[in-house]
Amino acid sequence: MQPATSANLKGIDVSHWQGTIDWNKVKNSGIAFVYAKASKGTTVTDKMFSANVQGARRILFFLYPYGSE
C-alpha cells in the first residue's frame, strides 16, 4: 500500500443534496475523508447532517463539519 498523500487521498462533501448515502459503498470506493455540511448561516441546519455524521463515523472516516453563508 502506498503512503497517504494529498495526491492520492480521496474525500467527499455531503449534505441534504445527496439524500440518503450508502456509507458501505462510500467506504468500498476508497474515500478517506468526509466534509459534512452542518448549517447555512446561523439559523438553518442541514437536515441530513446528523445522519451523515453517524454514517461517516460508523465507517471510521475523518469527518470535517462545516457551515456556509
# chains A, B, ... in the order shown; residues from 1 in each chain; ligands from 1

call {"tool": "select_by_dssp", "arguments": {"residues": "stretch 22-69 of chain A", "states": "strand (DSSP E or B)", "output": "VMD selection string"}}
result
chain A and resid 31 to 40 44 to 45 62 to 68

call {"tool": "residues_around", "arguments": {"residues": "A:Ala36", "least_positions_apart": "6", "cutoff": "7 Å", "atoms": "only C-alpha atoms", "output": "ChimeraX atom specification"}}
result
/A:13-15,49,52,64-66

call {"tool": "select_by_dssp", "arguments": {"residues": "chain A", "states": "alpha helix (DSSP H)", "output": "ChimeraX atom specification"}}
result
/A:23-28,49-58

call {"tool": "write_last_selection", "arguments": {"atoms": "N, CA and C atoms", "output": "PDB file, in the first residue's frame"}}
result
ATOM      1  N   TRP A  23     -23.266   4.330   2.987  1.00  0.00           N
ATOM      2  CA  TRP A  23     -21.915   4.515   3.513  1.00  0.00           C
ATOM      3  C   TRP A  23     -21.016   3.321   3.252  1.00  0.00           C
ATOM      4  N   ASN A  24     -21.580   2.128   3.105  1.00  0.00           N
ATOM      5  CA  ASN A  24     -20.743   0.974   2.747  1.00  0.00           C
ATOM      6  C   ASN A  24     -20.170   1.131   1.342  1.00  0.00           C
ATOM      7  N   LYS A  25     -20.978   1.658   0.399  1.00  0.00           N
ATOM      8  CA  LYS A  25     -20.466   1.924  -0.954  1.00  0.00           C
ATOM      9  C   LYS A  25     -19.370   2.979  -0.915  1.00  0.00           C
ATOM     10  N   VAL A  26     -19.577   3.999  -0.089  1.00  0.00           N
ATOM     11  CA  VAL A  26     -18.568   5.053   0.039  1.00  0.00           C
ATOM     12  C   VAL A  26     -17.261   4.453   0.557  1.00  0.00           C
ATOM     13  N   LYS A  27     -17.352   3.657   1.584  1.00  0.00           N
ATOM     14  CA  LYS A  27     -16.157   3.021   2.168  1.00  0.00           C
ATOM     15  C   LYS A  27     -15.438   2.151   1.143  1.00  0.00           C
ATOM     16  N   ASN A  28     -16.212   1.360   0.395  1.00  0.00           N
ATOM     17  CA  ASN A  28     -15.616   0.455  -0.580  1.00  0.00           C
ATOM     18  C   ASN A  28     -15.038   1.171  -1.794  1.00  0.00           C
ATOM     19  N   PHE A  49     -27.486  16.393   8.279  1.00  0.00           N
ATOM     20  CA  PHE A  49     -26.219  16.481   9.000  1.00  0.00           C
ATOM     21  C   PHE A  49     -26.048  15.358  10.019  1.00  0.00           C
ATOM     22  N   SER A  50     -27.020  15.165  10.865  1.00  0.00           N
ATOM     23  CA  SER A  50     -26.902  14.142  11.917  1.00  0.00           C
ATOM     24  C   SER A  50     -26.714  12.751  11.318  1.00  0.00           C
ATOM     25  N   ALA A  51     -27.518  12.406  10.310  1.00  0.00           N
ATOM     26  CA  ALA A  51     -27.403  11.088   9.666  1.00  0.00           C
ATOM     27  C   ALA A  51     -26.049  10.948   8.974  1.00  0.00           C
ATOM     28  N   ASN A  52     -25.573  12.014   8.337  1.00  0.00           N
ATOM     29  CA  ASN A  52     -24.279  11.943   7.654  1.00  0.00           C
ATOM     30  C   ASN A  52     -23.122  11.790   8.638  1.00  0.00           C
ATOM     31  N   VAL A  53     -23.197  12.477   9.767  1.00  0.00           N
ATOM     32  CA  VAL A  53     -22.161  12.330  10.793  1.00  0.00           C
ATOM     33  C   VAL A  53     -22.159  10.896  11.328  1.00  0.00           C
ATOM     34  N   GLN A  54     -23.318  10.366  11.636  1.00  0.00           N
ATOM     35  CA  GLN A  54     -23.405   8.994  12.147  1.00  0.00           C
ATOM     36  C   GLN A  54     -22.874   7.993  11.128  1.00  0.00           C
ATOM     37  N   GLY A  55     -23.247   8.153   9.863  1.00  0.00           N
ATOM     38  CA  GLY A  55     -22.780   7.229   8.821  1.00  0.00           C
ATOM     39  C   GLY A  55     -21.284   7.293   8.627  1.00  0.00           C
ATOM     40  N   ALA A  56     -20.744   8.499   8.570  1.00  0.00           N
ATOM     41  CA  ALA A  56     -19.305   8.660   8.376  1.00  0.00           C
ATOM     42  C   ALA A  56     -18.523   8.101   9.565  1.00  0.00           C
ATOM     43  N   ARG A  57     -18.981   8.351  10.755  1.00  0.00           N
ATOM     44  CA  ARG A  57     -18.283   7.839  11.947  1.00  0.00           C
ATOM     45  C   ARG A  57     -18.360   6.320  12.040  1.00  0.00           C
ATOM     46  N   ARG A  58     -19.460   5.765  11.579  1.00  0.00           N
ATOM     47  CA  ARG A  58     -19.647   4.307  11.649  1.00  0.00           C
ATOM     48  C   ARG A  58     -18.580   3.566  10.851  1.00  0.00           C
TER      49      ARG A  58
END
